[in-house]
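What follows is the content of entry18.cif (mmCIF, C-alpha atoms).
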data_model
#
loop_
_atom_site.label_atom_id
_atom_site.label_comp_id
_atom_site.auth_asym_id
_atom_site.auth_seq_id
_atom_site.Cartn_x
_atom_site.Cartn_y
_atom_site.Cartn_z
CA MET A 77 -46.15 25.66 -117.53
CA SER A 78 -48.71 28.12 -118.89
CA LEU A 79 -49.15 28.32 -122.63
CA SER A 80 -51.10 31.59 -122.48
CA LEU A 81 -48.18 33.47 -124.00
CA TYR A 82 -48.54 31.50 -127.20
CA ARG A 83 -52.28 31.80 -127.36
CA ARG A 84 -51.71 35.51 -127.74
CA LEU A 85 -49.64 34.74 -130.84
CA SER A 86 -52.24 33.96 -133.49
CA ALA A 87 -50.60 31.66 -135.99
CA ARG A 88 -53.44 32.16 -138.46
CA ASN A 89 -53.15 35.96 -138.33
CA LEU A 90 -49.39 35.81 -138.67
CA LEU A 91 -49.67 33.52 -141.64
CA LEU A 92 -52.21 35.67 -143.41
CA ALA A 93 -50.20 38.82 -142.70
CA GLY A 94 -47.11 37.16 -144.10
CA VAL A 95 -48.84 35.90 -147.25
CA PHE A 96 -50.83 38.95 -148.20
CA GLY A 97 -48.22 41.38 -146.94
CA ILE A 98 -45.72 40.25 -149.56
CA ALA A 99 -48.06 40.14 -152.54
CA ALA A 100 -47.56 43.78 -153.48
CA PHE A 101 -43.80 43.57 -153.04
CA ALA A 102 -43.51 40.47 -155.18
CA GLY A 103 -45.59 41.99 -157.97
CA SER A 104 -43.90 45.37 -158.07
CA ALA A 105 -40.38 43.97 -157.82
CA HIS A 106 -40.83 41.95 -161.02
CA ALA A 107 -43.22 43.95 -163.22
CA ASP A 108 -42.67 41.65 -166.18
CA ASP A 109 -43.79 38.56 -164.24
CA VAL A 110 -47.13 37.19 -165.40
CA LEU A 111 -49.10 34.04 -164.73
CA GLY A 112 -49.53 31.65 -167.64
CA GLN A 113 -53.06 30.71 -168.65
CA ALA A 114 -53.00 27.23 -167.07
CA VAL A 115 -51.59 28.32 -163.71
CA GLY A 116 -53.64 31.51 -163.66
CA LYS A 117 -56.88 29.62 -164.24
CA ASP A 118 -56.18 27.15 -161.41
CA LEU A 119 -55.18 29.88 -158.97
CA GLN A 120 -58.27 31.92 -159.82
CA GLN A 121 -60.41 28.88 -159.01
CA ALA A 122 -58.46 28.42 -155.77
CA GLN A 123 -59.04 32.04 -154.82
CA SER A 124 -62.78 31.78 -155.48
CA ALA A 125 -63.05 28.57 -153.45
CA LEU A 126 -61.07 30.16 -150.61
CA ALA A 127 -63.41 33.15 -150.56
CA SER A 128 -66.35 30.80 -150.08
CA LYS A 129 -64.38 28.81 -147.48
CA ASN A 130 -64.43 25.66 -149.56
CA TYR A 131 -60.94 24.73 -148.48
CA ALA A 132 -60.88 21.26 -150.00
CA LYS A 133 -61.78 22.62 -153.43
CA ALA A 134 -59.31 25.48 -153.03
CA MET A 135 -56.49 23.08 -152.21
CA GLU A 136 -57.39 20.87 -155.19
CA ALA A 137 -57.05 23.87 -157.46
CA VAL A 138 -53.67 24.77 -155.97
CA ASP A 139 -52.50 21.17 -156.44
CA ALA A 140 -53.56 21.43 -160.07
CA ALA A 141 -51.53 24.64 -160.47
CA ASP A 142 -48.54 22.97 -158.86
CA ALA A 143 -48.84 20.05 -161.29
CA VAL A 144 -48.43 22.30 -164.34
CA LYS A 145 -45.06 21.52 -165.90
CA GLY A 146 -42.52 24.16 -166.83
CA LYS A 147 -43.75 26.79 -164.40
CA THR A 148 -41.74 29.98 -164.09
CA ASP A 149 -40.22 31.01 -160.76
CA TYR A 150 -42.94 33.59 -160.41
CA GLU A 151 -45.69 30.99 -160.96
CA THR A 152 -44.11 28.65 -158.42
CA TYR A 153 -43.87 31.49 -155.94
CA THR A 154 -47.45 32.67 -156.43
CA THR A 155 -48.76 29.12 -156.13
CA ALA A 156 -46.91 28.76 -152.79
CA GLN A 157 -48.49 32.03 -151.63
CA MET A 158 -51.96 30.73 -152.39
CA ARG A 159 -51.24 27.37 -150.74
CA ALA A 160 -50.04 29.13 -147.58
CA ALA A 161 -53.16 31.31 -147.50
CA ILE A 162 -55.49 28.32 -147.86
CA ALA A 163 -53.56 26.30 -145.30
CA ALA A 164 -53.62 29.24 -142.85
CA GLN A 165 -57.37 29.65 -143.05
CA SER A 166 -58.11 25.92 -142.93
CA GLY A 167 -55.62 25.15 -140.16
CA ASN A 168 -53.59 22.71 -142.29
CA THR A 169 -50.27 22.95 -140.44
CA ASP A 170 -48.27 20.58 -142.65
CA ALA A 171 -49.28 22.31 -145.87
CA ALA A 172 -48.66 25.76 -144.41
CA ILE A 173 -45.19 24.89 -143.17
CA LYS A 174 -44.19 23.41 -146.53
CA ALA A 175 -45.53 26.42 -148.41
CA TYR A 176 -43.69 28.76 -146.11
CA ASP A 177 -40.43 26.93 -146.69
CA VAL A 178 -40.75 27.92 -150.36
CA LEU A 179 -41.62 31.53 -149.56
CA ILE A 180 -39.04 32.03 -146.82
CA ASN A 181 -36.23 30.69 -148.99
CA SER A 182 -37.22 32.83 -151.98
CA SER A 183 -35.37 36.03 -152.82
CA ARG A 184 -38.74 37.49 -153.80
CA THR A 185 -39.87 37.69 -150.17
CA PRO A 186 -38.89 40.91 -148.34
CA LYS A 187 -36.90 40.46 -145.12
CA ALA A 188 -39.67 41.78 -142.86
CA ALA A 189 -42.20 39.39 -144.39
CA LYS A 190 -39.79 36.47 -143.92
CA GLY A 191 -39.66 37.31 -140.22
CA GLN A 192 -43.45 37.19 -139.99
CA MET A 193 -43.46 33.87 -141.82
CA LEU A 194 -40.82 32.30 -139.59
CA MET A 195 -42.77 33.40 -136.53
CA ALA A 196 -46.00 32.05 -138.01
CA GLN A 197 -44.37 28.80 -139.08
CA ALA A 198 -42.95 28.21 -135.60
CA THR A 199 -46.19 29.18 -133.87
CA MET A 200 -48.34 26.91 -136.05
CA ALA A 201 -46.04 23.95 -135.45
CA TYR A 202 -46.00 24.67 -131.71
CA SER A 203 -49.79 24.95 -131.55
CA ALA A 204 -50.06 21.62 -133.39
CA LYS A 205 -47.64 20.10 -130.81
CA GLN A 206 -45.09 19.49 -133.55
CA TYR A 207 -42.31 20.78 -131.35
CA ALA A 208 -39.43 19.31 -133.35
CA ARG A 209 -40.67 21.22 -136.42
CA ALA A 210 -41.11 24.46 -134.47
CA ILE A 211 -37.51 24.52 -133.24
CA PRO A 212 -35.68 25.22 -136.56
CA ALA A 213 -37.99 28.10 -137.48
CA THR A 214 -37.72 29.58 -133.98
CA GLU A 215 -33.93 29.32 -133.90
CA ARG A 216 -33.65 30.83 -137.37
CA TYR A 217 -35.92 33.71 -136.39
CA LEU A 218 -33.85 34.47 -133.27
CA LYS A 219 -30.62 34.27 -135.24
CA GLU A 220 -31.74 36.49 -138.10
CA TYR A 221 -34.13 38.89 -136.37
CA GLY A 222 -32.77 39.11 -132.84
CA ALA A 223 -34.24 38.59 -129.40
CA ASP A 224 -38.00 38.30 -129.03
CA PRO A 225 -39.27 37.23 -125.58
CA ARG A 226 -42.17 35.21 -127.02
CA MET A 227 -39.98 33.32 -129.45
CA GLN A 228 -37.26 32.75 -126.87
CA THR A 229 -39.69 31.27 -124.39
CA MET A 230 -41.35 29.20 -127.11
CA LEU A 231 -37.97 27.69 -128.03
CA ILE A 232 -37.40 26.63 -124.42
CA GLN A 233 -40.95 25.26 -124.24
CA CYS A 234 -40.41 23.21 -127.39
CA TYR A 235 -37.49 21.38 -125.81
CA TYR A 236 -39.21 21.20 -122.41
CA LEU A 237 -42.43 19.66 -123.73
CA GLN A 238 -40.44 16.99 -125.55
CA GLN A 239 -38.58 16.30 -122.29
CA ASP A 240 -35.35 17.08 -124.11
CA TRP A 241 -33.63 18.21 -120.93
CA LYS A 242 -30.27 18.89 -122.51
CA GLY A 243 -31.88 21.12 -125.15
CA THR A 244 -34.04 22.80 -122.50
CA ALA A 245 -31.03 23.55 -120.31
CA LYS A 246 -29.00 24.96 -123.19
CA ALA A 247 -31.78 27.17 -124.55
CA ALA A 248 -32.91 28.39 -121.13
CA GLN A 249 -29.40 28.99 -119.80
CA GLU A 250 -28.43 31.06 -122.83
CA GLN A 251 -31.54 33.18 -122.49
CA VAL A 252 -31.20 33.61 -118.71
CA ASP A 253 -27.51 34.56 -119.01
CA ALA A 254 -28.23 37.09 -121.76
CA THR A 255 -31.08 38.63 -119.77
CA ILE A 256 -28.97 39.01 -116.62
CA LYS A 257 -26.06 40.41 -118.62
CA ALA A 258 -28.41 43.04 -120.03
CA GLY A 259 -29.35 44.06 -116.49
CA LYS A 260 -32.86 42.65 -116.70
CA VAL A 261 -34.79 40.08 -114.68
CA PRO A 262 -35.15 36.58 -116.20
CA ALA A 263 -38.69 35.27 -116.60
CA GLU A 264 -39.76 33.08 -113.70
CA ASN A 265 -41.06 30.30 -115.96
CA GLN A 266 -37.72 30.20 -117.79
CA LEU A 267 -35.89 29.75 -114.49
CA GLN A 268 -38.38 27.08 -113.45
CA MET A 269 -37.81 25.16 -116.67
CA LEU A 270 -34.06 25.56 -116.23
CA ALA A 271 -34.25 24.11 -112.71
CA THR A 272 -36.41 21.21 -113.93
CA ALA A 273 -34.00 20.46 -116.77
CA TYR A 274 -30.98 20.35 -114.48
CA THR A 275 -32.93 18.21 -112.01
CA ASN A 276 -33.58 15.64 -114.73
CA LEU A 277 -29.98 15.87 -115.93
CA LYS A 278 -28.88 15.18 -112.34
CA ASP A 279 -26.62 18.24 -112.40
CA ALA A 280 -26.77 19.19 -108.72
CA ASP A 281 -24.61 22.32 -108.92
CA ALA A 282 -26.47 23.77 -111.92
CA LYS A 283 -29.85 22.95 -110.37
CA THR A 284 -28.85 24.72 -107.16
CA HIS A 285 -27.76 27.80 -109.06
CA ALA A 286 -31.09 27.88 -110.91
CA TYR A 287 -32.87 27.93 -107.55
CA VAL A 288 -30.48 30.62 -106.33
CA LEU A 289 -31.68 32.78 -109.22
CA LEU A 290 -35.32 31.96 -108.44
CA ALA A 291 -34.80 32.97 -104.82
CA LYS A 292 -32.95 36.10 -105.90
CA TYR A 293 -35.51 37.39 -108.36
CA TYR A 294 -38.69 35.74 -107.01
CA SER A 295 -38.10 35.35 -103.28
CA LYS A 296 -40.68 32.72 -102.41
CA PRO A 297 -40.50 30.38 -99.40
CA ASP A 298 -40.61 27.29 -101.60
CA TYR A 299 -37.48 28.38 -103.47
CA TRP A 300 -35.56 29.06 -100.24
CA SER A 301 -36.63 25.74 -98.79
CA MET A 302 -35.56 23.87 -101.93
CA LEU A 303 -32.26 25.71 -102.00
CA ILE A 304 -31.25 24.93 -98.46
CA HIS A 305 -32.38 21.31 -98.78
CA ASP A 306 -30.40 20.83 -101.98
CA LEU A 307 -27.31 22.53 -100.64
CA VAL A 308 -27.24 20.30 -97.59
CA ALA A 309 -27.73 17.22 -99.79
CA ASN A 310 -25.14 18.30 -102.37
CA PRO A 311 -22.28 15.74 -102.29
CA ASN A 312 -19.91 18.32 -103.80
CA LEU A 313 -20.21 20.64 -100.80
CA SER A 314 -16.99 20.94 -98.80
CA PRO A 315 -17.10 20.85 -94.95
CA PRO A 316 -16.69 24.64 -94.60
CA LEU A 317 -19.53 25.25 -97.06
CA ILE A 318 -21.72 22.77 -95.18
CA PHE A 319 -21.00 24.83 -92.07
CA TYR A 320 -21.99 28.07 -93.83
CA VAL A 321 -25.22 26.42 -95.03
CA GLU A 322 -25.96 25.26 -91.48
CA ARG A 323 -25.56 28.84 -90.36
CA LEU A 324 -27.92 29.83 -93.16
CA ARG A 325 -30.46 27.36 -91.80
CA LEU A 326 -30.04 28.95 -88.37
CA ALA A 327 -30.47 32.45 -89.78
CA THR A 328 -33.66 31.46 -91.62
CA GLY A 329 -35.18 29.69 -88.62
CA VAL A 330 -34.89 26.19 -90.08
CA LEU A 331 -32.24 24.79 -87.73
CA LYS A 332 -33.78 23.88 -84.37
CA ASP A 333 -32.72 20.33 -83.42
CA PRO A 334 -30.09 20.16 -80.61
CA SER A 335 -28.02 17.70 -82.65
CA ASP A 336 -27.85 20.23 -85.48
CA TYR A 337 -26.37 22.79 -83.10
CA GLN A 338 -23.79 20.33 -81.89
CA ASP A 339 -22.83 19.41 -85.45
CA MET A 340 -22.51 23.07 -86.38
CA ALA A 341 -20.42 23.88 -83.31
CA GLU A 342 -18.16 20.87 -83.90
CA ARG A 343 -17.50 22.08 -87.43
CA ALA A 344 -16.60 25.55 -86.15
CA VAL A 345 -14.15 24.05 -83.65
CA GLN A 346 -12.58 21.90 -86.37
CA MET A 347 -12.14 25.04 -88.49
CA GLY A 348 -10.18 26.61 -85.60
CA LEU A 349 -13.00 28.98 -84.62
CA PRO A 350 -14.12 27.85 -81.14
CA GLN A 351 -15.41 31.33 -80.21
CA LEU A 352 -17.76 31.17 -83.16
CA ALA A 353 -18.88 27.71 -82.01
CA LEU A 354 -19.60 29.16 -78.55
CA ASN A 355 -21.55 32.09 -80.04
CA LEU A 356 -23.72 29.70 -82.05
CA LEU A 357 -24.41 27.48 -79.04
CA ASN A 358 -25.39 30.58 -77.07
CA GLN A 359 -27.91 31.38 -79.80
CA GLY A 360 -29.34 27.89 -79.31
CA TYR A 361 -29.75 28.55 -75.61
CA ALA A 362 -31.27 31.96 -76.29
CA ASN A 363 -33.96 30.56 -78.61
CA HIS A 364 -34.55 27.56 -76.30
CA SER A 365 -33.39 24.97 -78.80
CA LEU A 366 -30.74 23.86 -76.29
CA GLY A 367 -30.84 23.19 -72.55
CA ASN A 368 -34.28 21.61 -72.50
CA GLY A 369 -35.67 18.13 -71.96
CA PRO A 370 -33.62 14.91 -71.98
CA THR A 371 -30.65 16.50 -73.80
CA ALA A 372 -30.18 19.32 -71.28
CA ALA A 373 -27.28 17.67 -69.41
CA ALA A 374 -25.47 16.71 -72.62
CA ASP A 375 -26.04 20.21 -73.99
CA ALA A 376 -24.48 21.76 -70.88
CA LYS A 377 -21.47 19.42 -70.99
CA PHE A 378 -20.78 20.19 -74.65
CA HIS A 379 -21.25 23.91 -74.02
CA ALA A 380 -18.67 23.82 -71.24
CA PHE A 381 -16.21 21.99 -73.49
CA VAL A 382 -16.59 24.56 -76.27
CA ALA A 383 -16.29 27.43 -73.78
CA GLN A 384 -12.97 25.99 -72.59
CA GLN A 385 -11.77 25.65 -76.19
CA ALA A 386 -12.70 29.29 -76.84
CA ALA A 387 -10.86 30.45 -73.70
CA THR A 388 -7.70 28.55 -74.69
CA ASN A 389 -7.84 29.95 -78.20
CA ARG A 390 -8.28 33.47 -76.84
CA SER A 391 -5.20 33.14 -74.61
CA GLN A 392 -3.11 32.03 -77.58
CA LEU A 393 -4.52 34.52 -80.08
CA ALA A 394 -1.73 37.12 -79.91
CA ALA A 395 0.90 34.50 -80.69
CA ALA A 396 -1.22 33.10 -83.51
CA VAL A 397 -1.58 36.57 -85.07
CA THR A 398 2.20 37.11 -84.96
CA GLN A 399 2.90 33.76 -86.59
CA ALA A 400 0.19 34.29 -89.23
CA ALA A 401 1.68 37.59 -90.35
CA SER A 402 4.88 35.89 -91.50
CA ALA A 403 3.39 32.60 -92.64
CA PRO A 404 3.84 31.95 -96.38
CA ASN A 405 0.40 30.41 -96.88
CA ALA A 406 -3.07 31.91 -96.47
CA GLY A 407 -4.64 29.62 -93.86
CA PRO A 408 -3.06 31.00 -90.65
CA ALA A 409 -3.92 34.61 -91.53
CA LEU A 410 -7.50 33.73 -92.40
CA THR A 411 -8.07 31.74 -89.21
CA ALA A 412 -6.23 34.06 -86.81
CA GLY A 413 -7.85 37.11 -88.37
CA TYR A 414 -11.31 35.59 -88.05
CA ASN A 415 -10.63 34.82 -84.39
CA GLN A 416 -9.61 38.43 -83.85
CA VAL A 417 -12.95 39.54 -85.33
CA LEU A 418 -14.82 37.14 -83.05
CA ASN A 419 -12.99 38.52 -80.04
CA GLY A 420 -13.77 42.15 -80.73
CA GLN A 421 -10.70 43.15 -82.77
CA VAL A 422 -12.73 43.61 -85.94
CA ASP A 423 -10.60 46.01 -87.98
CA ALA A 424 -7.31 44.31 -87.13
CA GLY A 425 -8.78 40.87 -87.79
CA LEU A 426 -10.23 41.78 -91.18
CA ALA A 427 -6.95 43.43 -92.18
CA LEU A 428 -5.06 40.23 -91.32
CA MET A 429 -7.57 38.15 -93.28
CA LYS A 430 -7.10 40.47 -96.24
CA THR A 431 -3.38 39.76 -96.24
CA GLY A 432 -4.25 36.07 -96.22
CA LEU A 433 -6.35 36.55 -99.37
CA THR A 434 -3.22 37.84 -101.13
CA LYS A 435 -1.26 34.67 -100.32
CA ASN A 436 -2.88 32.53 -103.02
CA PRO A 437 -5.40 30.50 -101.00
CA ARG A 438 -5.81 26.95 -102.25
CA TYR A 439 -9.54 27.59 -102.75
CA PRO A 440 -9.88 31.33 -103.48
CA ASP A 441 -13.68 31.37 -103.70
CA LEU A 442 -13.99 29.55 -100.38
CA ALA A 443 -11.53 31.96 -98.75
CA GLN A 444 -13.56 34.90 -100.02
CA VAL A 445 -16.74 33.43 -98.55
CA GLU A 446 -14.95 33.03 -95.22
CA TYR A 447 -13.88 36.67 -95.37
CA GLY A 448 -17.48 37.71 -96.02
CA MET A 449 -18.69 35.65 -93.06
CA ALA A 450 -16.11 37.37 -90.85
CA GLN A 451 -17.28 40.79 -92.05
CA MET A 452 -20.85 39.79 -91.24
CA ASP A 453 -19.89 38.53 -87.78
CA GLY A 454 -17.96 41.76 -87.23
CA GLY A 455 -21.07 43.84 -87.91
CA GLN A 456 -20.02 45.04 -91.37
CA LYS A 457 -23.15 43.91 -93.15
CA ALA A 458 -22.88 46.16 -96.22
CA GLU A 459 -19.25 45.18 -96.80
CA ALA A 460 -20.12 41.50 -96.35
CA ILE A 461 -22.79 41.77 -99.06
CA LYS A 462 -20.21 43.26 -101.47
CA THR A 463 -17.78 40.45 -100.70
CA PHE A 464 -20.40 37.76 -101.24
CA GLU A 465 -21.53 39.35 -104.50
CA ALA A 466 -17.93 39.36 -105.76
CA VAL A 467 -17.51 35.59 -105.42
CA SER A 468 -17.19 34.20 -108.93
CA GLY A 469 -16.81 30.79 -110.57
CA ASN A 470 -19.41 28.12 -111.22
CA GLY A 471 -19.13 26.10 -108.03
CA ALA A 472 -21.08 25.75 -104.81
CA ALA A 473 -19.08 28.56 -103.12
CA ARG A 474 -20.69 31.08 -105.45
CA ASP A 475 -24.16 29.74 -104.67
CA VAL A 476 -23.62 29.83 -100.90
CA ALA A 477 -22.21 33.34 -101.15
CA GLU A 478 -25.13 34.49 -103.26
CA LEU A 479 -27.59 33.09 -100.73
CA TRP A 480 -25.92 34.97 -97.90
CA SER A 481 -25.98 38.12 -100.02
CA LEU A 482 -29.69 37.63 -100.65
CA LEU A 483 -30.38 37.00 -96.99
CA LEU A 484 -28.44 40.02 -95.78
CA SER A 485 -30.02 42.24 -98.43
CA ARG A 486 -33.59 41.46 -97.42
CA PRO A 487 -35.41 44.40 -95.82
CA ALA A 488 -35.74 44.14 -92.06
CA LYS A 489 -39.20 43.13 -90.92
#
Re-express the file's structure as structure tokens.
Amino acid sequence: MSLSLYRRLSARNLLLAGVFGIAAFAGSAHADDVLGQAVGKDLQQAQSALASKNYAKAMEAVDAADAVKGKTDYETYTTAQMRAAIAAQSGNTDAAIKAYDVLINSSRTPKAAKGQMLMAQATMAYSAKQYARAIPATERYLKEYGADPRMQTMLIQCYYLQQDWKGTAKAAQEQVDATIKAGKVPAENQLQMLATAYTNLKDADAKTHAYVLLAKYYSKPDYWSMLIHDLVANPNLSPPLIFYVERLRLATGVLKDPSDYQDMAERAVQMGLPQLALNLLNQGYANHSLGNGPTAAADAKFHAFVAQQAATNRSQLAAAVTQAASAPNAGPALTAGYNQVLNGQVDAGLALMKTGLTKNPRYPDLAQVEYGMAQMDGGQKAEAIKTFEAVSGNGAARDVAELWSLLLSRPAK
């Protein structure tokens, strides 16, 4: 991951702005505050040494001021200011962070200056690779001062660079969700870190969804390839969803092996959709994936079998539609309606499927995906996209639906 974003955040400049930006406020807010002779002398020496860039001598003088017993709150505060300034210019991260803790937690520091200090504190710790120390300041800044893209990404990076995958996933997911909810596009590197975190957490469903978002917002071949590979390998994928992913592979030009076509067609037959199986096999013949070489005879035999299954189903379709209309459960209406669509009765078939969706399908999201596939096969591309986009939940059905929506939404070449 690139760190260029954070190089544009100058910790030193932020620190100096925070220190010197509050000096006037602190002085005017408490006009009766004065430095005692002992503390004042040490801080004057520190200031002179700082001006000549003798940081060691400047820090010795500040330490001497800090050692004075019985200091007032104002003296303690002013000493912390000087320590932070010296630490900022000399690059002493530990000293700067400690000094800023005093200043940030003081009522003397204006709210705006505290924000600058928190940002500086987090950025210095991050630049020094002290990621565990950068996290509290970053989280406090985001909580008290609201969203800032640089700070949000830095928080994710802090967890990521420590290989704290649980923390990475939580921070990145919250930011990605908030960005999408606001109608904006999540940063690509945030999605990449989210996918990496879920990969290391072995959360297959969450990883897949992260790649769905990468493909949606940054449609690159690598993301599509990873998505389809992971979906096929996902052990949580039900047989119908595997079938829809196989069809996705066909639609994206990935599926070419004759055995893949046979597996896909067998699944369609098992789902009670032999006409769809026949249509898919015909695509295989049309693109010359089937009917060639040593498998030609076996391809032809299987094709004939599926064609017979489709013919039988077609002859029994009217009776199946009648029975489905009065069936108490959703399955018959969904299957018979889909078969109507595949046999040219698109409007009637989709209407029957819609009644099936009202009969409390056992897996509502899966039933909605099936309805979207039927709309697509019936030539209602725009309506299919709407159906796929409406699939909710956190499971694989949503991811498969979103992929089909992405695929159908792509501009024609």
Counting only C-alpha atoms, which residue out of A:Ala141, A:Glu459, A:Gly348, A:Asp441 sits closest to Gly407 in chain A?
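Checking each of A:Ala141, A:Glu459, A:Gly348, A:Asp441 against Gly407 in chain A, counting only C-alpha atoms, the winner is A:Gly348.
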Could you make a table, as JSON lines, of the residues of range 349-408 of chain A that have an atom within 12 Å of an atom of range 301-320 of chain A, each with its nearest atom pair and distance in Å to one decimal, counting all atoms listed in the file, in chain and number order?
{"residue": "A:Leu349", "atom": "CA", "partner": "A:Pro316", "partner_atom": "CA", "distance": 11.5}
{"residue": "A:Leu352", "atom": "CA", "partner": "A:Phe319", "partner_atom": "CA", "distance": 11.4}
{"residue": "A:Ala353", "atom": "CA", "partner": "A:Phe319", "partner_atom": "CA", "distance": 10.7}
{"residue": "A:Leu356", "atom": "CA", "partner": "A:Phe319", "partner_atom": "CA", "distance": 11.5}
Using the selection just defined, write its residues with C-alpha atoms as a PDB file, in the coordinates of the input.
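Printed below is part.pdb as written:
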ATOM      1  CA  LEU A 349     -13.000  28.980 -84.620  1.00  0.00           C
ATOM      2  CA  LEU A 352     -17.760  31.170 -83.160  1.00  0.00           C
ATOM      3  CA  ALA A 353     -18.880  27.710 -82.010  1.00  0.00           C
ATOM      4  CA  LEU A 356     -23.720  29.700 -82.050  1.00  0.00           C
TER       5      LEU A 356
END
What's the 10 Å shell around Gln251 in chain A, counting all atoms listed in the file, without same-chain residues fewer than 2 positions away, as a PyMOL selection string?
chain A and resi 223+225+228-229+232+245-249+253-257+262-263+266-267
Take CA of Met195 in chain A and CA of Ser124 in chain A and report the distance between them in Å, one decimal.
27.6 Å
Counting only C-alpha atoms, which of A:Arg486, A:Lys260, A:Lys133, A:Arg216 gets nearest to Ala291 in chain A?
A:Arg486
Name the residues that the PyMOL selection byres ((chain A and resi 463) around 8) pulls out of this structure, and write them as an MDAnalysis selection string.
chainID A and resid 444:445 447:448 459:462 464:467
Next, the residues of the selection above should be written as a tab-separated table (two decimals), in the coordinates of the input with C-alpha atoms.
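Saved file part-v7.tsv follows:
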chain	number	residue	atom	x	y	z
A	444	GLN	CA	-13.56	34.90	-100.02
A	445	VAL	CA	-16.74	33.43	-98.55
A	447	TYR	CA	-13.88	36.67	-95.37
A	448	GLY	CA	-17.48	37.71	-96.02
A	459	GLU	CA	-19.25	45.18	-96.80
A	460	ALA	CA	-20.12	41.50	-96.35
A	461	ILE	CA	-22.79	41.77	-99.06
A	462	LYS	CA	-20.21	43.26	-101.47
A	464	PHE	CA	-20.40	37.76	-101.24
A	465	GLU	CA	-21.53	39.35	-104.50
A	466	ALA	CA	-17.93	39.36	-105.76
A	467	VAL	CA	-17.51	35.59	-105.42
Set the distance at 8 Å and use all atoms listed in the file: which residues neighbour Ile173 in chain A once local chain neighbours fewer than 5 positions away are removed? I'd like the list as number ranges by chain.
A: 160, 197, 201
I'd like the contact shell of Leu357 in chain A - 8 Å cut-off, all atoms listed in the file, skipping same-chain residues fewer than 2 positions apart - returned as JSON, numbers by chain.
{"A": [337, 338, 341, 353, 354, 355, 359, 360, 361, 366, 379]}
Would you compute an axis-aligned box for range 160-165 of chain A, covering every atom listed for it in the file with 8 Å of margin on each side, and report centre and edge lengths in Å to one decimal as JSON?
{"center_x": -53.7, "center_y": 28.8, "center_z": -145.4, "size_x": 23.3, "size_y": 21.0, "size_z": 21.0}
Evaluated on this file, the PyMOL selection byres ((chain A and resi 117) around 12) picks out some residues - which ones are they, written as a list in words?
Leu111, Gly112, Gln113, Ala114, Val115, Gly116, Asp118, Leu119, Gln120, Gln121, Ala122, Gln123, Ser124, Ala137, Val138, Ala140, Ala141, Asp142, Val144, Glu151 and Thr155 of chain A
Quick one, how far is CA of Ala400 in chain A from CA of Gln346 in chain A?
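CA of Ala400 in chain A sits 18.0 Å away from CA of Gln346 in chain A.
For the pair CA of Leu218 in chain A and CA of Thr284 in chain A, the interatomic distance is 28.3 Å.
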Please, could N, CA and C atoms be added to range 252-263 of chain A and the result written as a PDB file, keeping the file's coordinate frame?
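Saved as selection.pdb:
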ATOM      1  N   VAL A 252     -31.326  33.056-120.064  1.00  0.00           N
ATOM      2  CA  VAL A 252     -31.200  33.610-118.710  1.00  0.00           C
ATOM      3  C   VAL A 252     -29.908  34.409-118.591  1.00  0.00           C
ATOM      4  N   ASP A 253     -28.800  33.854-119.084  1.00  0.00           N
ATOM      5  CA  ASP A 253     -27.510  34.560-119.010  1.00  0.00           C
ATOM      6  C   ASP A 253     -27.553  35.880-119.768  1.00  0.00           C
ATOM      7  N   ALA A 254     -28.151  35.865-120.954  1.00  0.00           N
ATOM      8  CA  ALA A 254     -28.230  37.090-121.760  1.00  0.00           C
ATOM      9  C   ALA A 254     -29.099  38.141-121.073  1.00  0.00           C
ATOM     10  N   THR A 255     -30.177  37.702-120.454  1.00  0.00           N
ATOM     11  CA  THR A 255     -31.080  38.630-119.770  1.00  0.00           C
ATOM     12  C   THR A 255     -30.384  39.292-118.581  1.00  0.00           C
ATOM     13  N   ILE A 256     -29.683  38.478-117.789  1.00  0.00           N
ATOM     14  CA  ILE A 256     -28.970  39.010-116.620  1.00  0.00           C
ATOM     15  C   ILE A 256     -27.856  39.951-117.064  1.00  0.00           C
ATOM     16  N   LYS A 257     -27.141  39.570-118.112  1.00  0.00           N
ATOM     17  CA  LYS A 257     -26.060  40.410-118.620  1.00  0.00           C
ATOM     18  C   LYS A 257     -26.581  41.770-119.074  1.00  0.00           C
ATOM     19  N   ALA A 258     -27.800  41.785-119.574  1.00  0.00           N
ATOM     20  CA  ALA A 258     -28.410  43.040-120.030  1.00  0.00           C
ATOM     21  C   ALA A 258     -28.999  43.851-118.876  1.00  0.00           C
ATOM     22  N   GLY A 259     -28.846  43.343-117.654  1.00  0.00           N
ATOM     23  CA  GLY A 259     -29.350  44.060-116.490  1.00  0.00           C
ATOM     24  C   GLY A 259     -30.836  43.925-116.273  1.00  0.00           C
ATOM     25  N   LYS A 260     -31.422  42.873-116.839  1.00  0.00           N
ATOM     26  CA  LYS A 260     -32.860  42.650-116.700  1.00  0.00           C
ATOM     27  C   LYS A 260     -33.136  41.405-115.862  1.00  0.00           C
ATOM     28  N   VAL A 261     -34.392  41.211-115.525  1.00  0.00           N
ATOM     29  CA  VAL A 261     -34.790  40.080-114.680  1.00  0.00           C
ATOM     30  C   VAL A 261     -35.272  38.924-115.560  1.00  0.00           C
ATOM     31  N   PRO A 262     -34.699  37.736-115.401  1.00  0.00           N
ATOM     32  CA  PRO A 262     -35.150  36.580-116.200  1.00  0.00           C
ATOM     33  C   PRO A 262     -36.592  36.227-115.854  1.00  0.00           C
ATOM     34  N   ALA A 263     -37.311  35.693-116.830  1.00  0.00           N
ATOM     35  CA  ALA A 263     -38.690  35.270-116.600  1.00  0.00           C
ATOM     36  C   ALA A 263     -38.722  34.104-115.614  1.00  0.00           C
TER      37      ALA A 263
END
